[in-house]
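Asker: Structure supplied as coords_11.txt; contents: compact mmCIF, C-alpha atoms and all ligand atoms.
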# COMPACT_ATOMS: atom_id res chain seq x y z
CA MET U 3 -14.28 -0.30 25.77
CA LYS U 4 -12.51 2.13 23.46
CA ILE U 5 -11.24 0.59 20.23
CA PRO U 6 -8.87 2.57 18.00
CA LEU U 7 -8.54 2.04 14.24
CA ILE U 8 -4.94 1.01 14.85
CA ASP U 9 -2.97 0.59 18.10
CA LEU U 10 0.76 1.21 17.76
CA LYS U 11 1.33 1.37 21.51
CA LYS U 12 0.16 -2.18 22.06
CA GLN U 13 2.57 -3.42 19.41
CA TYR U 14 5.50 -1.49 20.86
CA ARG U 15 4.83 -2.94 24.31
CA SER U 16 4.97 -6.45 22.87
CA ILE U 17 8.48 -5.92 21.43
CA LYS U 18 9.74 -3.21 23.75
CA GLU U 19 12.90 -4.94 24.97
CA GLU U 20 14.09 -5.96 21.52
CA VAL U 21 13.42 -2.50 20.06
CA ASN U 22 15.00 -0.60 22.93
CA GLU U 23 18.13 -2.68 22.74
CA ALA U 24 18.42 -2.16 18.97
CA VAL U 25 17.94 1.60 19.35
CA LEU U 26 20.53 1.87 22.11
CA GLN U 27 23.05 -0.01 19.98
CA VAL U 28 22.59 2.52 17.19
CA LEU U 29 23.02 5.42 19.60
CA GLU U 30 26.25 3.88 20.87
CA SER U 31 27.52 3.16 17.35
CA GLY U 32 27.68 6.80 16.27
CA SER U 33 26.57 5.76 12.76
CA PHE U 34 23.20 7.20 11.86
CA ILE U 35 22.57 7.15 8.11
CA LEU U 36 22.90 4.22 5.67
CA GLY U 37 25.14 2.25 8.01
CA GLU U 38 25.30 -1.43 8.87
CA ASN U 39 21.68 -1.69 9.94
CA ALA U 40 20.38 -0.19 6.70
CA GLU U 41 22.60 -2.55 4.74
CA ALA U 42 21.51 -5.57 6.76
CA LEU U 43 17.86 -4.58 6.46
CA GLU U 44 18.23 -4.35 2.69
CA GLU U 45 19.60 -7.89 2.60
CA GLU U 46 16.95 -9.23 4.93
CA PHE U 47 14.18 -7.45 3.07
CA ALA U 48 15.39 -8.71 -0.32
CA TYR U 49 15.44 -12.23 1.12
CA PHE U 50 11.93 -11.75 2.53
CA CYS U 51 10.60 -10.69 -0.90
CA LYS U 52 12.74 -13.27 -2.73
CA VAL U 53 14.32 -10.63 -4.97
CA LYS U 54 17.96 -9.87 -5.75
CA TYR U 55 18.20 -6.25 -4.59
CA ALA U 56 16.59 -3.95 -2.04
CA VAL U 57 17.41 -0.26 -1.73
CA GLY U 58 16.43 1.70 1.37
CA VAL U 59 15.08 5.21 0.89
CA ALA U 60 13.43 7.92 2.98
CA SER U 61 9.75 7.12 2.31
CA GLY U 62 7.29 5.16 0.19
CA THR U 63 6.62 8.26 -1.88
CA ASP U 64 10.33 8.56 -2.66
CA ALA U 65 10.45 4.85 -3.50
CA LEU U 66 7.86 5.45 -6.23
CA GLU U 67 9.47 8.62 -7.54
CA LEU U 68 13.01 7.24 -7.61
CA SER U 69 11.76 4.04 -9.28
CA LEU U 70 10.25 6.05 -12.12
CA ARG U 71 13.46 8.06 -12.47
CA ALA U 72 15.64 4.94 -12.43
CA LEU U 73 13.49 3.47 -15.20
CA GLY U 74 13.98 6.61 -17.29
CA ILE U 75 10.40 7.83 -17.03
CA GLY U 76 10.05 11.61 -17.06
CA GLN U 77 8.90 14.72 -18.91
CA GLY U 78 6.16 14.05 -21.46
CA ASP U 79 5.68 10.40 -20.48
CA LYS U 80 2.39 8.93 -19.29
CA VAL U 81 1.79 6.37 -16.57
CA ILE U 82 -1.35 4.31 -16.11
CA THR U 83 -2.62 3.95 -12.56
CA THR U 84 -5.73 3.69 -10.38
CA PRO U 85 -7.75 6.68 -9.17
CA PHE U 86 -8.60 4.71 -6.03
CA THR U 87 -5.40 5.06 -3.99
CA PHE U 88 -3.50 7.41 -1.73
CA ILE U 89 -2.30 10.65 -3.35
CA ALA U 90 1.39 9.64 -3.16
CA THR U 91 0.93 7.34 -6.16
CA THR U 92 0.18 10.19 -8.56
CA GLU U 93 2.39 12.67 -6.73
CA ALA U 94 5.38 10.53 -7.68
CA ILE U 95 4.32 10.53 -11.33
CA GLY U 96 3.98 14.31 -11.30
CA GLN U 97 7.31 14.75 -9.54
CA VAL U 98 9.22 13.22 -12.45
CA GLY U 99 7.35 15.38 -14.97
CA ALA U 100 5.10 12.58 -16.23
CA THR U 101 1.28 12.53 -16.33
CA PRO U 102 -1.01 9.95 -14.75
CA ILE U 103 -3.70 8.25 -16.82
CA PHE U 104 -6.43 6.77 -14.67
CA VAL U 105 -8.18 3.48 -15.32
CA ASP U 106 -11.09 2.38 -13.14
CA ILE U 107 -10.98 -0.42 -10.59
CA ASN U 108 -12.49 -3.87 -10.31
CA PRO U 109 -15.60 -3.65 -8.08
CA GLU U 110 -14.67 -6.79 -6.12
CA THR U 111 -10.96 -6.28 -5.43
CA TYR U 112 -10.89 -2.44 -5.56
CA ASN U 113 -7.65 -2.72 -7.54
CA ILE U 114 -6.98 -1.49 -11.08
CA ASP U 115 -8.95 -3.57 -13.60
CA PRO U 116 -6.69 -5.15 -16.27
CA LYS U 117 -9.65 -5.51 -18.63
CA LYS U 118 -10.24 -1.76 -18.50
CA ILE U 119 -6.55 -1.07 -19.16
CA THR U 120 -6.75 -3.15 -22.34
CA GLU U 121 -9.97 -1.39 -23.38
CA TYR U 122 -8.30 1.95 -22.83
CA LEU U 123 -5.19 1.00 -24.81
CA LEU U 124 -7.27 -0.33 -27.71
CA GLY U 125 -9.29 2.88 -27.81
CA ILE U 126 -6.39 5.31 -28.43
CA THR U 127 -4.10 5.97 -31.38
CA ASN U 128 -0.65 4.51 -31.87
CA LEU U 129 0.91 7.87 -31.23
CA GLN U 130 -0.97 8.25 -27.94
CA ARG U 131 0.09 4.74 -26.94
CA GLN U 132 3.74 5.57 -27.51
CA ALA U 133 3.70 8.16 -24.73
CA ILE U 134 2.59 5.57 -22.19
CA LYS U 135 5.62 4.10 -20.47
CA ALA U 136 4.47 2.32 -17.34
CA ILE U 137 1.71 1.00 -15.13
CA ILE U 138 1.66 1.57 -11.37
CA PRO U 139 -0.63 -1.08 -9.88
CA VAL U 140 -1.45 -0.45 -6.21
CA HIS U 141 -2.03 -3.47 -3.96
CA LEU U 142 -4.66 -1.58 -1.99
CA TYR U 143 -5.38 -2.51 1.63
CA GLY U 144 -2.95 -5.44 1.23
CA GLN U 145 -4.96 -7.09 -1.57
CA PRO U 146 -2.65 -8.13 -4.44
CA CYS U 147 -3.46 -6.98 -7.97
CA ASP U 148 -4.11 -9.45 -10.78
CA MET U 149 -0.42 -9.61 -11.72
CA ASP U 150 -0.63 -12.28 -14.46
CA ARG U 151 -2.89 -10.09 -16.53
CA LEU U 152 -0.96 -6.90 -15.78
CA ILE U 153 2.32 -8.54 -16.80
CA LYS U 154 0.72 -9.74 -20.03
CA ILE U 155 -0.44 -6.20 -20.85
CA ALA U 156 2.96 -4.76 -19.97
CA LYS U 157 4.62 -7.27 -22.34
CA ASP U 158 2.14 -6.63 -25.15
CA TYR U 159 2.51 -2.86 -24.98
CA ASN U 160 6.13 -2.63 -23.84
CA LEU U 161 5.32 -0.98 -20.51
CA ARG U 162 7.27 -0.98 -17.26
CA ILE U 163 5.58 -2.02 -14.03
CA VAL U 164 6.25 -0.16 -10.78
CA GLU U 165 4.32 -1.90 -8.01
CA ASP U 166 2.98 0.30 -5.21
CA CYS U 167 3.29 -2.16 -2.31
CA ALA U 168 3.00 0.50 0.40
CA GLN U 169 0.03 -1.28 1.97
CA ALA U 170 1.01 -4.83 1.11
CA VAL U 171 4.32 -5.91 2.61
CA GLY U 172 4.20 -9.72 2.73
CA SER U 173 1.12 -10.06 0.50
CA GLU U 174 1.40 -12.85 -2.05
CA TYR U 175 0.14 -13.56 -5.53
CA LYS U 176 0.34 -17.22 -6.58
CA GLY U 177 2.86 -17.89 -3.84
CA GLU U 178 5.22 -15.01 -4.67
CA LYS U 179 5.57 -11.81 -2.68
CA VAL U 180 4.23 -8.60 -4.17
CA GLY U 181 7.06 -6.34 -5.24
CA SER U 182 8.82 -9.21 -6.99
CA PHE U 183 6.67 -9.02 -10.15
CA GLY U 184 7.36 -5.53 -11.47
CA ASP U 185 10.48 -3.77 -12.68
CA THR U 186 10.48 -2.42 -9.14
CA GLY U 187 8.34 -2.83 -6.03
CA CYS U 188 7.91 0.13 -3.67
CA PHE U 189 7.33 -0.16 0.05
CA SER U 190 6.51 2.36 2.78
CA PHE U 191 7.52 2.09 6.42
CA PHE U 192 5.20 4.87 7.57
CA PRO U 193 4.37 3.96 11.19
CA SER U 194 0.81 2.76 10.52
CA LYS U 195 1.78 0.41 7.68
CA ASN U 196 2.01 -3.36 8.28
CA LEU U 197 5.78 -3.01 8.68
CA GLY U 198 5.99 0.42 10.25
CA ALA U 199 9.04 2.31 11.44
CA TYR U 200 8.99 4.91 14.22
CA GLY U 201 9.37 7.66 11.65
CA ASP U 202 9.50 7.71 7.85
CA GLY U 203 11.21 5.16 5.67
CA GLY U 204 10.82 3.22 2.44
CA MET U 205 12.31 0.44 0.32
CA ILE U 206 12.56 -0.40 -3.36
CA VAL U 207 13.06 -3.98 -4.50
CA THR U 208 14.16 -5.11 -7.95
CA ASN U 209 15.83 -7.99 -9.78
CA ASP U 210 17.53 -5.62 -12.23
CA GLU U 211 21.11 -4.90 -11.22
CA LYS U 212 21.34 -1.71 -13.33
CA VAL U 213 18.16 -0.33 -11.80
CA ALA U 214 19.44 -1.12 -8.31
CA GLN U 215 22.71 0.67 -9.07
CA ARG U 216 20.88 3.72 -10.39
CA LEU U 217 18.68 3.80 -7.30
CA ARG U 218 21.70 3.63 -5.03
CA MET U 219 23.09 6.69 -6.79
CA LEU U 220 19.85 8.63 -6.97
CA ARG U 221 19.30 8.43 -3.22
CA VAL U 222 22.69 9.99 -2.46
CA HIS U 223 22.89 13.01 -4.76
CA GLY U 224 23.70 11.01 -7.87
CA SER U 225 27.07 9.87 -6.62
CA LYS U 226 28.81 6.52 -6.80
CA ASP U 227 31.87 7.59 -4.85
CA LYS U 228 31.64 10.34 -2.28
CA TYR U 229 31.76 13.84 -3.80
CA HIS U 230 31.79 12.51 -7.38
CA HIS U 231 28.36 13.14 -8.86
CA ILE U 232 27.42 11.30 -12.00
CA SER U 233 23.78 12.27 -12.37
CA GLU U 234 21.08 14.48 -10.88
CA GLY U 235 20.15 12.97 -7.56
CA ARG U 236 18.38 13.53 -4.31
CA ASN U 237 18.77 13.07 -0.62
CA SER U 238 16.56 10.11 0.17
CA ARG U 239 18.28 7.89 2.68
CA LEU U 240 17.18 5.40 5.28
CA ASP U 241 18.47 6.15 8.75
CA GLU U 242 20.02 3.66 11.13
CA LEU U 243 17.47 4.06 13.92
CA GLN U 244 14.61 3.22 11.58
CA ALA U 245 16.56 0.40 9.97
CA ALA U 246 17.41 -1.13 13.35
CA ILE U 247 13.77 -0.94 14.47
CA LEU U 248 12.58 -2.38 11.16
CA ARG U 249 15.00 -5.31 11.43
CA VAL U 250 13.44 -6.22 14.77
CA LYS U 251 9.94 -5.82 13.39
CA LEU U 252 10.60 -7.74 10.16
CA ARG U 253 11.21 -10.84 12.31
CA HIS U 254 7.63 -10.56 13.59
CA LEU U 255 5.97 -9.60 10.33
CA ASN U 256 4.79 -13.06 9.24
CA ASN U 257 3.12 -13.63 12.61
CA TRP U 258 1.53 -10.20 12.54
CA ASN U 259 0.21 -10.66 9.02
CA GLU U 260 -1.23 -14.05 10.04
CA SER U 261 -2.98 -12.37 12.97
CA ARG U 262 -4.42 -9.78 10.61
CA ARG U 263 -5.74 -12.57 8.38
CA LYS U 264 -7.29 -14.30 11.40
CA ASN U 265 -8.90 -11.05 12.49
CA ALA U 266 -10.30 -10.52 9.00
CA ALA U 267 -11.70 -14.07 9.04
CA ALA U 268 -13.34 -13.37 12.42
CA TYR U 269 -14.95 -10.19 11.08
CA ASN U 270 -16.08 -12.06 7.95
CA GLU U 271 -17.64 -14.79 10.05
CA ASN U 272 -19.46 -12.43 12.41
CA LEU U 273 -20.67 -10.08 9.70
CA GLY U 274 -21.43 -12.88 7.23
CA LYS U 275 -24.15 -14.41 9.37
CA GLU U 276 -27.27 -12.78 10.86
CA ASN U 277 -29.05 -12.13 7.62
CA LEU U 278 -27.08 -9.05 6.83
CA ASN U 279 -26.66 -10.33 3.31
CA GLY U 280 -26.60 -7.49 0.89
CA LYS U 281 -26.44 -4.79 3.54
CA VAL U 282 -22.77 -5.13 4.12
CA ILE U 283 -20.30 -6.14 1.42
CA LEU U 284 -17.29 -7.93 2.88
CA PRO U 285 -13.79 -7.89 1.40
CA ARG U 286 -13.16 -10.61 -1.17
CA GLU U 287 -9.76 -12.10 -1.83
CA LEU U 288 -8.52 -12.32 -5.39
CA MET U 289 -8.16 -15.97 -6.54
CA GLY U 290 -4.67 -17.25 -5.81
CA ALA U 291 -3.78 -14.24 -3.70
CA LYS U 292 -2.84 -13.81 -0.06
CA HIS U 293 -4.24 -10.56 1.35
CA THR U 294 -2.53 -9.08 4.41
CA TYR U 295 -5.29 -6.72 5.54
CA HIS U 296 -3.40 -3.51 6.11
CA LEU U 297 -6.98 -2.31 6.29
CA TYR U 298 -10.20 -4.24 6.78
CA VAL U 299 -12.73 -2.44 4.64
CA VAL U 300 -16.44 -3.18 4.17
CA ARG U 301 -19.09 -1.44 2.08
CA VAL U 302 -22.43 -0.19 3.39
CA LYS U 303 -24.99 2.20 1.90
CA ASP U 304 -25.32 4.32 5.04
CA ARG U 305 -21.60 4.76 5.58
CA ASP U 306 -21.49 8.13 7.31
CA ARG U 307 -24.27 7.27 9.73
CA LEU U 308 -22.67 3.95 10.56
CA ARG U 309 -19.42 5.78 11.24
CA ASN U 310 -21.14 8.19 13.61
CA PHE U 311 -22.91 5.34 15.35
CA LEU U 312 -19.67 3.41 15.86
CA GLU U 313 -17.86 6.56 16.97
CA SER U 314 -20.55 7.19 19.59
CA ASN U 315 -19.88 3.66 20.84
CA ASP U 316 -16.15 4.29 21.14
CA VAL U 317 -15.17 2.48 17.96
CA GLN U 318 -12.85 4.48 15.74
CA THR U 319 -13.15 3.98 11.99
CA GLY U 320 -11.65 5.50 8.83
CA VAL U 321 -12.38 6.02 5.14
CA HIS U 322 -9.61 5.07 2.71
CA TYR U 323 -10.27 7.08 0.64
CA PRO U 324 -13.27 9.44 0.49
CA LEU U 325 -12.38 11.20 -2.79
CA PRO U 326 -10.83 9.40 -5.79
CA LEU U 327 -7.73 11.02 -7.21
CA HIS U 328 -9.31 12.15 -10.50
CA LEU U 329 -11.59 14.42 -8.45
CA GLN U 330 -8.88 15.89 -6.22
CA GLU U 331 -8.27 19.58 -6.66
CA VAL U 332 -4.55 19.03 -7.18
CA ASN U 333 -5.36 16.85 -10.22
CA LYS U 334 -7.86 19.30 -11.75
CA ASN U 335 -5.49 20.08 -14.60
CA LEU U 336 -5.69 16.46 -15.77
CA GLY U 337 -9.16 17.26 -17.06
CA TYR U 338 -11.16 14.43 -15.53
CA ASN U 339 -14.78 14.80 -14.38
CA ARG U 340 -17.21 13.14 -12.00
CA GLY U 341 -18.64 10.12 -13.76
CA ASP U 342 -15.38 9.20 -15.49
CA PHE U 343 -14.63 6.32 -13.10
CA PRO U 344 -17.99 5.21 -11.72
CA THR U 345 -16.74 2.21 -9.74
CA SER U 346 -14.14 4.24 -7.85
CA GLU U 347 -16.70 6.97 -7.20
CA LEU U 348 -19.39 4.59 -5.94
CA ILE U 349 -17.03 2.66 -3.71
CA SER U 350 -15.51 5.83 -2.21
CA ASP U 351 -18.97 6.71 -0.94
CA GLU U 352 -19.63 3.33 0.66
CA ILE U 353 -16.38 2.13 2.22
CA ILE U 354 -15.58 2.10 5.89
CA SER U 355 -12.33 0.86 7.45
CA LEU U 356 -12.90 -1.02 10.70
CA PRO U 357 -10.30 -1.36 13.48
CA MET U 358 -7.53 -3.68 12.27
CA TYR U 359 -4.18 -4.52 13.83
CA PRO U 360 -2.50 -7.78 14.83
CA GLU U 361 -3.15 -7.27 18.55
CA LEU U 362 -6.89 -6.68 18.09
CA ASP U 363 -8.70 -9.38 20.08
CA LYS U 364 -11.73 -11.53 19.30
CA VAL U 365 -13.83 -9.85 21.99
CA ALA U 366 -13.35 -6.48 20.33
CA ILE U 367 -14.17 -7.93 16.91
CA SER U 368 -17.40 -9.44 18.27
CA TYR U 369 -18.30 -6.17 19.95
CA ILE U 370 -17.75 -4.18 16.74
CA SER U 371 -19.56 -6.75 14.60
CA ASP U 372 -22.56 -6.78 16.96
CA LEU U 373 -22.79 -2.99 16.82
CA ILE U 374 -22.76 -3.10 13.02
CA SER U 375 -25.37 -5.88 12.94
CA ASN U 376 -27.68 -3.97 15.23
CA PHE U 377 -27.27 -0.78 13.23
CA LEU U 378 -27.96 -2.48 9.90
CA LYS U 379 -30.91 -4.53 11.18
CA GLU U 380 -32.64 -1.40 12.32
CA ARG U 381 -32.41 0.02 8.81
CA ARG U 382 -34.47 -2.48 6.90
C1 LIG Y 1 1.46 5.18 2.46
C2 LIG Y 1 1.34 5.08 0.99
C3 LIG Y 1 2.29 5.65 0.12
C4 LIG Y 1 3.37 6.57 0.58
O1 LIG Y 1 4.21 6.13 1.54
P1 LIG Y 1 4.97 7.19 2.50
O2 LIG Y 1 5.98 6.34 3.18
O3 LIG Y 1 3.96 7.75 3.43
O4 LIG Y 1 5.58 8.22 1.62
C5 LIG Y 1 2.17 5.41 -1.23
N1 LIG Y 1 1.16 4.69 -1.74
C6 LIG Y 1 0.22 4.14 -0.95
C7 LIG Y 1 -0.87 3.33 -1.57
C8 LIG Y 1 0.27 4.32 0.44
O5 LIG Y 1 -0.68 3.80 1.21
Would you put the structure from the file into structure tokens?
Ligand SMILES: *Cc1c(COP(=O)(O)O)cnc(C)c1O
Answerer:
Amino acid sequence: MKIPLIDLKKQYRSIKEEVNEAVLQVLESGSFILGENAEALEEEFAYFCKVKYAVGVASGTDALELSLRALGIGQGDKVITTPFTFIATTEAIGQVGATPIFVDINPETYNIDPKKITEYLLGITNLQRQAIKAIIPVHLYGQPCDMDRLIKIAKDYNLRIVEDCAQAVGSEYKGEKVGSFGDTGCFSFFPSKNLGAYGDGGMIVTNDEKVAQRLRMLRVHGSKDKYHHISEGRNSRLDELQAAILRVKLRHLNNWNESRRKNAAAYNENLGKENLNGKVILPRELMGAKHTYHLYVVRVKDRDRLRNFLESNDVQTGVHYPLPLHLQEVNKNLGYNRGDFPTSELISDEIISLPMYPELDKVAISYISDLISNFLKERR
């Protein structure tokens, strides 16, 4: 039995007829960029997130960058975020000329720790505080951030919130979808994400009409009417093929996310028994939150050896992510050092992502869990 970390072929086979038909319709239509499918997807996606506006763009990275631009964040500004995320989060900050400020994560949720943000803000001068314009919380692995506390901080310090929802489409905090809390919410349709296209794509959601209008201009070279350019812009558009595929897939998303939650529960049950207590740390859901398990991540001391052992038994795993962003070479100029964010550093060394996708079956989960149990029992 060979078990991949994620299986996109299985999913395609389960929706093949619907997808093929949608793709053929686009090919026949002769309309390929920001046409009726992109428009319909925006409406359907806004409805799904229960927000007023959704704006399709070319990727999740662009969604973050254009959000910052639309909110007027740029040269000389600072943005608070987590060092425990994918590089795109800080790339977007750098792209607009702003600088990231890292704050360490909560050791149970792996998301940015609101308490540490407050500590940081209380420890700097007024002048330093004035340069800080926004927070980018990342709902990592599909686990929602503690939005009540982040919103309180944002209000107290007059900060914008740009939610990085790339891994968390459909995740909920106190009954509301992530993306609907911030000034904007940014989604990625990279193929491996919970709602994945068959190419690149992204979406920004917002309840602010002005921000939505600015985003609609930014993505098409700063123009409102064709060939009349009001501001600096970009080319960051969603194409019709991706939009048509995503419309089909959005109809299945709730079921798929439920399957992911069931799979996570099955892993939790298998790995939670057998006296492995302490040797494997299972994911914990934030109170009041609904996690959608883009990734199912556990912590073990002997991570690399467990990975090799699973690999040799045909189980593919991943590490998301092995090196926190404050230690990445590209961020060297920010001046951070090892030891600055101990929780992120510790957790990066111990995490392992196990196979997770909606179509993963119980037999596979038992097989993987048994392998892990056997490995950990032998290392008393
Ligand atoms: C995937 C991802 C992005 C970027 O999305 P792309 O569509 O690949 O540009 C941003 N942030 C996080 C946390 C991601 O996982």
Asker: Please identify every residue of chain U that has at least one atom no farther than 9 Å from an atom of ligand LIG 1 (chain Y), counting only C-alpha atoms and all ligand atoms, and for each give the shortest atom pair and the distance in Å to one decimal, arranged by chain then increasing number, as CSV.
Answerer:
residue,atom,partner,partner_atom,distance
U:Ala60,CA,Y:LIG1,O2,7.6
U:Ser61,CA,Y:LIG1,O2,3.9
U:Gly62,CA,Y:LIG1,O2,3.5
U:Thr63,CA,Y:LIG1,O4,3.7
U:Asp64,CA,Y:LIG1,O4,6.4
U:Ala65,CA,Y:LIG1,O4,7.8
U:Leu66,CA,Y:LIG1,C5,7.6
U:Thr87,CA,Y:LIG1,C7,5.4
U:Phe88,CA,Y:LIG1,C7,4.9
U:Ile89,CA,Y:LIG1,N1,7.1
U:Ala90,CA,Y:LIG1,C5,4.7
U:Thr91,CA,Y:LIG1,N1,5.2
U:Thr92,CA,Y:LIG1,N1,8.8
U:Ala94,CA,Y:LIG1,C5,8.8
U:Val140,CA,Y:LIG1,C7,6.0
U:His141,CA,Y:LIG1,C7,7.3
U:Leu142,CA,Y:LIG1,C7,6.2
U:Tyr143,CA,Y:LIG1,O5,7.9
U:Asp166,CA,Y:LIG1,N1,5.9
U:Cys167,CA,Y:LIG1,C7,6.9
U:Ala168,CA,Y:LIG1,C8,4.7
U:Gln169,CA,Y:LIG1,O5,5.2
U:Ala170,CA,Y:LIG1,C7,8.8
U:Cys188,CA,Y:LIG1,C5,8.2
U:Phe189,CA,Y:LIG1,O1,7.2
U:Ser190,CA,Y:LIG1,O2,4.0
U:Phe191,CA,Y:LIG1,O2,5.6
U:Phe192,CA,Y:LIG1,O2,4.7
U:Pro193,CA,Y:LIG1,O2,8.5
U:Ser194,CA,Y:LIG1,C1,8.4
U:Lys195,CA,Y:LIG1,C1,7.1
U:Asp202,CA,Y:LIG1,O2,6.0
U:Gly203,CA,Y:LIG1,O2,5.9
U:Gly204,CA,Y:LIG1,O2,5.8
Asker: With a distance cut-off of 9 Å and all atoms listed in the file, select the neighbouring residues of stretch 99-113 of chain U, excluding the residue or stretch itself and same-chain residues fewer than 2 positions from it, and output the selection as a ChimeraX atom specification.
Answerer: /U:75-87,92,94-97,115-119,122,134,139-142,145-148,285-288,327-328,336,342-346,349
Asker: Find the distance between atom CA of U:Met219 and atom CA of U:Tyr55 and write it in Å to one decimal.
Answerer: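 For atom CA of U:Met219 relative to atom CA of U:Tyr55, the distance reads 14.0 Å.
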Asker: Kindly give the distance, in Å, that separates atom CA of U:Ile17 and atom CA of U:Val250, rounded to a single decimal.
Answerer: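 Interatomic distance here is 8.3 Å.
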Asker: Between U:Leu252, U:Met358, U:Val222, U:Ile232, which one has atoms that come closest to U:Phe50, using only C-alpha atoms?
Answerer: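 Once distances to U:Phe50 are computed over only C-alpha atoms, the minimum belongs to U:Leu252.
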Asker: Quick one: everything within 12 Å of stretch 25-35 of chain U, counting all atoms listed in the file, minus sequence neighbours fewer than 3 positions away in the same chain. Send it as a ChimeraX atom specification.
Answerer: /U:18-22,38-41,58-60,199-200,203,221-222,237-250
Asker: Find the spatial neighbours of U:Arg263, counting all atoms listed in the file, within a cut-off of 12 Å - ignore same-chain residues fewer than 6 positions away - and output them as a list of chain:residue names.
Answerer: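 Within the cut-off, the hits are U:Gly144, U:Gln145, U:Gly172, U:Ser173, U:Asn256, U:Asn257, U:Tyr269, U:Asn270, U:Pro285, U:Glu287, U:Lys292, U:His293, U:Thr294, U:Tyr295, U:His296, U:Leu297, U:Tyr298, U:Met358, U:Tyr359, U:Pro360, U:Glu361, U:Leu362.
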Asker: Rounded to one decimal place, report the atom CA of U:His254-atom CA of U:Leu43 distance in Å.
Answerer: 13.8 Å
Asker: Box along x, y and z, 8 Å on every side, all listed atoms of stretch 4-22 of chain U inside: centre and edge lengths in Å to one decimal, as lines of an AutoDock Vina configuration file.
Answerer:
center_x = 1.2
center_y = -1.9
center_z = 19.6
size_x = 43.5
size_y = 25.0
size_z = 26.7
Asker: With all heavy atoms as the target, complete stretch 162-166 of chain U and hand it back as a CSV table (one decimal), in the frame of the given file.
Answerer:
chain,number,residue,atom,x,y,z
U,162,ARG,N,6.6,-0.6,-18.5
U,162,ARG,CA,7.3,-1.0,-17.3
U,162,ARG,C,6.2,-1.1,-16.2
U,162,ARG,O,5.1,-0.5,-16.3
U,162,ARG,CB,8.2,0.1,-16.8
U,162,ARG,CG,9.3,0.4,-17.8
U,162,ARG,CD,10.2,-0.8,-18.1
U,162,ARG,NE,11.5,-0.3,-18.6
U,162,ARG,CZ,12.6,-0.9,-18.2
U,162,ARG,NH1,12.6,-1.8,-17.3
U,162,ARG,NH2,13.8,-0.4,-18.6
U,163,ILE,N,6.5,-1.9,-15.2
U,163,ILE,CA,5.6,-2.0,-14.0
U,163,ILE,C,6.3,-1.6,-12.8
U,163,ILE,O,7.4,-2.1,-12.4
U,163,ILE,CB,5.0,-3.5,-13.8
U,163,ILE,CG1,4.1,-3.8,-15.0
U,163,ILE,CG2,4.3,-3.6,-12.5
U,163,ILE,CD1,3.5,-5.2,-14.9
U,164,VAL,N,5.8,-0.6,-12.1
U,164,VAL,CA,6.2,-0.2,-10.8
U,164,VAL,C,5.1,-0.5,-9.8
U,164,VAL,O,4.1,0.1,-9.8
U,164,VAL,CB,6.6,1.4,-10.8
U,164,VAL,CG1,6.9,1.8,-9.4
U,164,VAL,CG2,7.7,1.7,-11.7
U,165,GLU,N,5.4,-1.5,-9.0
U,165,GLU,CA,4.3,-1.9,-8.0
U,165,GLU,C,4.3,-1.0,-6.8
U,165,GLU,O,5.3,-0.8,-6.2
U,165,GLU,CB,4.6,-3.3,-7.5
U,165,GLU,CG,4.5,-4.4,-8.6
U,165,GLU,CD,4.8,-5.8,-7.9
U,165,GLU,OE1,4.0,-6.2,-7.1
U,165,GLU,OE2,5.8,-6.3,-8.3
U,166,ASP,N,3.1,-0.5,-6.5
U,166,ASP,CA,3.0,0.3,-5.2
U,166,ASP,C,2.5,-0.7,-4.1
U,166,ASP,O,1.4,-1.1,-4.1
U,166,ASP,CB,2.0,1.4,-5.4
U,166,ASP,CG,1.8,2.3,-4.1
U,166,ASP,OD1,2.2,1.8,-3.1
U,166,ASP,OD2,1.3,3.4,-4.3
